[in-house]
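File shown: run39.pdb. Contents: PDB, C-alpha atoms.
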ATOM      1  CA  ALA A 234     -20.691  27.045  -3.391
ATOM      2  CA  ALA A 235     -21.064  25.983  -7.032
ATOM      3  CA  GLU A 236     -22.968  29.176  -7.800
ATOM      4  CA  ALA A 237     -20.297  31.274  -6.060
ATOM      5  CA  TYR A 238     -17.495  29.670  -8.084
ATOM      6  CA  ALA A 239     -19.508  30.083 -11.287
ATOM      7  CA  GLU A 240     -19.887  33.794 -10.466
ATOM      8  CA  ALA A 241     -16.140  34.034  -9.734
ATOM      9  CA  LEU A 242     -15.475  32.532 -13.181
ATOM     10  CA  ARG A 243     -17.828  35.033 -14.801
ATOM     11  CA  LEU A 244     -15.685  37.790 -13.265
ATOM     12  CA  LYS A 245     -12.350  36.066 -13.911
ATOM     13  CA  PRO A 246     -12.843  33.447 -16.662
ATOM     14  CA  GLN A 247      -9.233  32.187 -16.652
ATOM     15  CA  SER A 248      -8.997  31.326 -12.944
ATOM     16  CA  ALA A 249      -7.622  27.780 -12.733
ATOM     17  CA  GLN A 250      -8.209  27.778  -8.960
ATOM     18  CA  ALA A 251     -11.885  28.684  -9.323
ATOM     19  CA  TYR A 252     -12.369  25.940 -11.935
ATOM     20  CA  THR A 253     -10.580  23.442  -9.670
ATOM     21  CA  ASN A 254     -12.773  24.384  -6.697
ATOM     22  CA  LEU A 255     -15.873  24.177  -8.867
ATOM     23  CA  GLY A 256     -14.781  20.679  -9.925
ATOM     24  CA  ILE A 257     -14.380  19.617  -6.291
ATOM     25  CA  VAL A 258     -17.864  20.930  -5.411
ATOM     26  CA  ARG A 259     -19.437  19.233  -8.435
ATOM     27  CA  GLU A 260     -17.733  15.963  -7.509
ATOM     28  CA  GLU A 261     -19.164  16.236  -3.989
ATOM     29  CA  MET A 262     -22.583  16.725  -5.618
ATOM     30  CA  ASP A 263     -22.019  13.537  -7.713
ATOM     31  CA  ASP A 264     -21.991  15.604 -10.903
ATOM     32  CA  LEU A 265     -19.015  13.683 -12.286
ATOM     33  CA  SER A 266     -19.248  14.925 -15.876
ATOM     34  CA  GLY A 267     -19.519  18.512 -14.595
ATOM     35  CA  ALA A 268     -16.504  17.925 -12.335
ATOM     36  CA  ARG A 269     -14.479  16.548 -15.231
ATOM     37  CA  ASP A 270     -15.416  19.535 -17.360
ATOM     38  CA  ALA A 271     -14.337  21.940 -14.602
ATOM     39  CA  TYR A 272     -10.967  20.196 -14.075
ATOM     40  CA  GLU A 273     -10.319  20.192 -17.828
ATOM     41  CA  HIS A 274     -11.102  23.933 -17.943
ATOM     42  CA  ALA A 275      -8.690  24.462 -15.033
ATOM     43  CA  LEU A 276      -5.936  22.689 -16.965
ATOM     44  CA  ARG A 277      -6.635  24.739 -20.078
ATOM     45  CA  ALA A 278      -6.253  27.868 -17.934
ATOM     46  CA  ASP A 279      -3.097  26.496 -16.231
ATOM     47  CA  PRO A 280      -1.692  23.278 -17.767
ATOM     48  CA  SER A 281       0.515  22.694 -14.726
ATOM     49  CA  ALA A 282      -2.198  23.049 -12.016
ATOM     50  CA  PRO A 283      -1.337  20.063  -9.769
ATOM     51  CA  THR A 284      -4.604  19.804  -7.808
ATOM     52  CA  ALA A 285      -6.725  19.884 -10.962
ATOM     53  CA  MET A 286      -4.446  17.303 -12.589
ATOM     54  CA  TRP A 287      -4.526  14.979  -9.561
ATOM     55  CA  ASN A 288      -8.311  15.277  -9.104
ATOM     56  CA  LEU A 289      -8.921  14.714 -12.813
ATOM     57  CA  ALA A 290      -6.693  11.616 -12.804
ATOM     58  CA  LEU A 291      -8.555  10.163  -9.803
ATOM     59  CA  LEU A 292     -11.903  10.982 -11.413
ATOM     60  CA  LEU A 293     -10.901   9.368 -14.713
ATOM     61  CA  GLU A 294      -9.769   6.255 -12.860
ATOM     62  CA  ARG A 295     -13.026   6.172 -10.885
ATOM     63  CA  THR A 296     -15.177   6.510 -14.016
ATOM     64  CA  GLY A 297     -13.443   3.763 -15.982
ATOM     65  CA  HIS A 298     -10.874   5.653 -18.075
ATOM     66  CA  PRO A 299      -7.577   4.128 -16.854
ATOM     67  CA  GLU A 300      -5.502   5.087 -19.907
ATOM     68  CA  ASP A 301      -6.518   8.749 -19.587
ATOM     69  CA  ALA A 302      -5.833   8.638 -15.838
ATOM     70  CA  GLU A 303      -2.386   7.161 -16.503
ATOM     71  CA  HIS A 304      -1.617  10.070 -18.847
ATOM     72  CA  PHE A 305      -2.195  12.568 -16.022
ATOM     73  CA  TYR A 306      -0.312  10.532 -13.405
ATOM     74  CA  LEU A 307       2.673  10.518 -15.770
ATOM     75  CA  LYS A 308       2.366  14.267 -16.220
ATOM     76  CA  LEU A 309       2.368  14.706 -12.435
ATOM     77  CA  LEU A 310       5.509  12.572 -12.206
ATOM     78  CA  ASP A 311       7.205  14.585 -14.953
ATOM     79  CA  LYS A 312       6.281  17.782 -13.157
ATOM     80  CA  ASP A 313       7.361  16.672  -9.675
ATOM     81  CA  ARG A 314       9.737  13.753  -9.288
ATOM     82  CA  GLN A 315       8.808  13.567  -5.593
ATOM     83  CA  GLU A 316       5.152  12.785  -6.380
ATOM     84  CA  SER A 317       5.145   9.263  -4.908
ATOM     85  CA  GLU A 318       1.325   8.994  -4.696
ATOM     86  CA  ALA A 319       1.088   9.453  -8.465
ATOM     87  CA  ALA A 320       3.633   6.659  -8.936
ATOM     88  CA  PHE A 321       1.607   4.401  -6.627
ATOM     89  CA  ARG A 322      -1.670   5.057  -8.461
ATOM     90  CA  LEU A 323       0.143   4.502 -11.761
ATOM     91  CA  GLY A 324       1.439   1.152 -10.521
ATOM     92  CA  CYS A 325      -2.049   0.083  -9.411
ATOM     93  CA  LEU A 326      -3.532   1.032 -12.787
ATOM     94  CA  ARG A 327      -0.855  -0.910 -14.618
ATOM     95  CA  LEU A 328      -1.363  -3.948 -12.398
ATOM     96  CA  GLY A 329      -5.080  -3.754 -13.142
ATOM     97  CA  ARG A 330      -4.473  -3.957 -16.877
ATOM     98  CA  ASP A 331      -1.737  -6.607 -16.665
ATOM     99  CA  ASP A 332       1.137  -4.291 -17.578
ATOM    100  CA  HIS A 333       3.394  -6.049 -15.075
ATOM    101  CA  GLY A 334       6.648  -4.520 -16.298
ATOM    102  CA  GLY A 335       5.163  -1.023 -16.072
ATOM    103  CA  ALA A 336       3.779  -1.792 -12.610
ATOM    104  CA  LEU A 337       7.211  -2.985 -11.437
ATOM    105  CA  GLU A 338       8.750   0.260 -12.636
ATOM    106  CA  ALA A 339       6.129   2.392 -10.875
ATOM    107  CA  PHE A 340       6.387   0.570  -7.534
ATOM    108  CA  GLU A 341      10.198   0.656  -7.702
ATOM    109  CA  THR A 342       9.875   4.435  -8.098
ATOM    110  CA  CYS A 343       7.650   4.545  -5.010
ATOM    111  CA  LEU A 344      10.201   2.672  -2.922
ATOM    112  CA  LYS A 345      13.081   4.855  -4.082
ATOM    113  CA  ARG A 346      11.185   7.814  -2.650
ATOM    114  CA  ARG A 347       9.687   6.079   0.397
ATOM    115  CA  PRO A 348      11.651   2.899   1.233
ATOM    116  CA  ASP A 349       9.431   2.091   4.231
ATOM    117  CA  TRP A 350       6.146   1.982   2.249
ATOM    118  CA  PRO A 351       4.638  -1.486   2.944
ATOM    119  CA  GLU A 352       1.777  -1.231   0.411
ATOM    120  CA  ALA A 353       4.191  -0.316  -2.389
ATOM    121  CA  ARG A 354       6.502  -3.195  -1.387
ATOM    122  CA  ALA A 355       3.591  -5.670  -1.353
ATOM    123  CA  ASN A 356       2.425  -4.486  -4.768
ATOM    124  CA  LEU A 357       5.984  -4.704  -6.110
ATOM    125  CA  ALA A 358       6.084  -8.348  -5.009
ATOM    126  CA  LEU A 359       2.696  -8.994  -6.599
ATOM    127  CA  ALA A 360       3.823  -7.390  -9.874
ATOM    128  CA  ALA A 361       7.025  -9.461  -9.827
ATOM    129  CA  SER A 362       5.027 -12.636  -9.255
ATOM    130  CA  ARG A 363       2.632 -11.837 -12.103
ATOM    131  CA  ALA A 364       5.572 -10.973 -14.365
ATOM    132  CA  GLY A 365       6.935 -14.473 -13.778
ATOM    133  CA  GLU A 366       9.748 -13.297 -11.487
ATOM    134  CA  ARG A 367       8.862 -15.801  -8.781
ATOM    135  CA  ASP A 368      12.241 -15.700  -7.000
ATOM    136  CA  ARG A 369      12.165 -11.927  -6.803
ATOM    137  CA  ALA A 370       8.593 -11.962  -5.485
ATOM    138  CA  GLN A 371       9.512 -14.560  -2.864
ATOM    139  CA  SER A 372      12.534 -12.524  -1.776
ATOM    140  CA  ILE A 373      10.415  -9.359  -1.343
ATOM    141  CA  TYR A 374       7.727 -11.227   0.622
ATOM    142  CA  GLU A 375      10.378 -12.830   2.861
ATOM    143  CA  GLU A 376      11.876  -9.402   3.554
ATOM    144  CA  MET A 377       8.399  -8.133   4.475
ATOM    145  CA  LEU A 378       7.945 -11.095   6.810
ATOM    146  CA  ASP A 379      11.332 -10.450   8.435
ATOM    147  CA  ASN A 380      10.178  -6.900   9.171
ATOM    148  CA  ASP A 381       6.771  -8.036  10.433
ATOM    149  CA  PRO A 382       6.334 -11.756  11.261
ATOM    150  CA  ARG A 383       2.543 -11.238  11.391
ATOM    151  CA  SER A 384       2.280  -9.668   7.925
ATOM    152  CA  MET A 385      -0.789 -11.275   6.372
ATOM    153  CA  GLU A 386       0.114  -9.721   3.002
ATOM    154  CA  ALA A 387       3.541 -11.375   3.029
ATOM    155  CA  LEU A 388       2.167 -14.743   4.165
ATOM    156  CA  ARG A 389      -0.544 -14.678   1.467
ATOM    157  CA  GLY A 390       2.079 -13.818  -1.138
ATOM    158  CA  LEU A 391       4.457 -16.561  -0.008
ATOM    159  CA  ALA A 392       1.597 -19.063   0.041
ATOM    160  CA  ALA A 393       0.673 -18.114  -3.532
ATOM    161  CA  VAL A 394       4.299 -18.340  -4.722
ATOM    162  CA  ALA A 395       4.683 -21.776  -3.117
ATOM    163  CA  LEU A 396       1.444 -22.971  -4.750
ATOM    164  CA  GLU A 397       2.619 -21.757  -8.168
ATOM    165  CA  ALA A 398       5.884 -23.666  -7.648
ATOM    166  CA  GLU A 399       3.870 -26.747  -6.553
ATOM    167  CA  ASP A 400       5.811 -26.750  -3.287
ATOM    168  CA  PHE A 401       2.816 -28.050  -1.367
ATOM    169  CA  SER A 402       4.438 -28.577   2.038
ATOM    170  CA  THR A 403       5.713 -24.979   2.117
ATOM    171  CA  ALA A 404       2.360 -23.697   0.833
ATOM    172  CA  LEU A 405       0.599 -25.605   3.624
ATOM    173  CA  GLU A 406       2.959 -24.132   6.219
ATOM    174  CA  TYR A 407       2.054 -20.592   5.117
ATOM    175  CA  HIS A 408      -1.666 -21.404   4.969
ATOM    176  CA  VAL A 409      -1.544 -22.769   8.531
ATOM    177  CA  ARG A 410       0.265 -19.643   9.724
ATOM    178  CA  LEU A 411      -2.413 -17.489   8.089
ATOM    179  CA  ILE A 412      -5.205 -19.468   9.743
ATOM    180  CA  ASP A 413      -3.421 -19.277  13.113
ATOM    181  CA  LEU A 414      -3.322 -15.484  12.704
ATOM    182  CA  GLY A 415      -7.095 -15.368  12.144
ATOM    183  CA  GLU A 416      -7.411 -15.569   8.347
ATOM    184  CA  ARG A 417     -10.803 -17.083   7.543
ATOM    185  CA  SER A 418     -11.263 -16.419   3.832
ATOM    186  CA  VAL A 419     -12.905 -19.201   1.845
ATOM    187  CA  GLU A 420      -9.911 -19.388  -0.515
ATOM    188  CA  ILE A 421      -7.349 -19.897   2.273
ATOM    189  CA  LEU A 422      -9.468 -22.490   4.100
ATOM    190  CA  TYR A 423     -10.258 -24.352   0.868
ATOM    191  CA  ASN A 424      -6.591 -24.348  -0.202
ATOM    192  CA  ALA A 425      -5.512 -25.550   3.232
ATOM    193  CA  GLY A 426      -7.970 -28.457   2.973
ATOM    194  CA  LEU A 427      -6.632 -29.417  -0.473
ATOM    195  CA  LEU A 428      -3.044 -29.145   0.730
ATOM    196  CA  TYR A 429      -3.727 -31.390   3.757
ATOM    197  CA  GLN A 430      -5.369 -33.875   1.376
ATOM    198  CA  LYS A 431      -2.288 -33.862  -0.886
TER     199      LYS A 431
END
Would you put the structure from the file into structure tokens?
Amino acid sequence: AAEAYAEALRLKPQSAQAYTNLGIVREEMDDLSGARDAYEHALRADPSAPTAMWNLALLLERTGHPEDAEHFYLKLLDKDRQESEAAFRLGCLRLGRDDHGGALEAFETCLKRRPDWPEARANLALAASRAGERDRAQSIYEEMLDNDPRSMEALRGLAAVALEAEDFSTALEYHVRLIDLGERSVEILYNAGLLYQK
């Protein structure tokens, strides 16, 4: 397939689609630098090629270039305001580098486009908590729990918020609920033990 796309590019050197397809094949072959080169060529041939832009952003994120990936996610958002996946990836990148305000903005964008997106809502709560907006985080987690009383994500978040506020009895209540639902992580069990001791 790689040879066929290379031959197609010899015949039509400015084909963004052929470069994009070559990038996909190279990525499947674990030739990540070759894939990046192909996607970059695709974008030189057509700066608005969405598949090349998306694949390059994912590849940059995967290979440890979050700032470069963010640049392309932003370009995708500028190009198509409905591109909610780009907003989600952008929010995750920003969370990963402690840009909590930027992460809040990205996840809010996600929820404007898809209000019933539980992962975006959970990440919005996490970003709010990390930004020091504890009340907002608690409110989002409580709303998640109202929608799904067995939401482990919401219970973990509420437990963390209660611990940060040193509200130990509430934190213990959420830890017990998590354990009753089958949570067996070392952190939850250890915290529950400490909370019982307190």
message: For the PyMOL selection byres ((chain A and resi 245-250) around 10), applied here, can you spell out every residue it catches as a list in words?
response: Tyr238, Ala239, Glu240, Ala241, Leu242, Arg243, Leu244, Ala251, Tyr252, Thr253, Asn254, Leu255, Gly256, Ala271, Tyr272, Glu273, His274, Ala275, Leu276, Arg277, Ala278, Asp279, Pro280, Ser281, Ala282, Thr284 and Ala285 of chain A
task: Find the spatial neighbours of Tyr374 (chain A), counting only C-alpha atoms, within a cut-off of 8 Å - ignore same-chain residues fewer than 5 positions away - and output them as a ChimeraX atom specification.
output: /A:355,358,387-388,390-391
For those residues, write C-alpha atoms to a file as a short mmCIF file (atom, residue, chain, number, x, y, z; two decimals), in the coordinates of the input.
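The resulting file, out_21.cif, is reproduced below:
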data_model
loop_
_atom_site.label_atom_id
_atom_site.label_comp_id
_atom_site.auth_asym_id
_atom_site.auth_seq_id
_atom_site.Cartn_x
_atom_site.Cartn_y
_atom_site.Cartn_z
CA ALA A 355 3.59 -5.67 -1.35
CA ALA A 358 6.08 -8.35 -5.01
CA ALA A 387 3.54 -11.38 3.03
CA LEU A 388 2.17 -14.74 4.16
CA GLY A 390 2.08 -13.82 -1.14
CA LEU A 391 4.46 -16.56 -0.01
#
message: Selection in question (the file shown): the PyMOL selection byres ((chain A and resi 293) around 12). Which residues does it include, as a PyMOL selection string?
response: chain A and resi 260+265-266+268-270+272-273+285-292+294-306+322+326
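Counting from CA of Ser384 (chain A), the distance to CA of Asp332 (chain A) is 26.1 Å.
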message: Applying the PyMOL selection byres ((chain A and resi 400-417) around 8) to the file I just gave you, which residues come out? Please list them as a ChimeraX atom specification.
response: /A:383,385,388-389,391-399,418-419,421-422,424-425,428-429,431
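Residue nearest Glu316 (chain A), chosen from A:Leu357, A:Leu337, A:Ile257, A:Cys343 and counting all atoms listed in the file: A:Cys343.
Taking CA of Pro351 (chain A) as the reference point, CA of Glu386 (chain A) is found at 9.4 Å.
Residue nearest Asp331 (chain A), chosen from A:Glu420, A:Pro382, A:Ala364, A:Arg369 and counting all atoms listed in the file: A:Ala364.
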Around all the atoms of region 422-430 of chain A listed in the file, with 4 Å of room on each side, what axis-aligned box do you get, giving centre and edge lengths in Å to one decimal, as AutoDock Vina command-line options?
--center_x -6.7 --center_y -28.2 --center_z 1.8 --size_x 15.2 --size_y 19.4 --size_z 12.6
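Counting from CA of Leu307 (chain A), the distance to CA of Pro283 (chain A) is 12.0 Å.
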- request: Give me the residues within 12 Å of Asp349 (chain A) as a PyMOL selection string, counting all atoms listed in the file and dropping any in the same chain fewer than 5 places off.
  value: chain A and resi 343-344+354-355+376-377+380
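Using all atoms listed in the file, the shortest contact distance between Leu310 (chain A) and any of A:Ala235, A:Met262, A:Leu323, A:Leu378 is found at A:Leu323.
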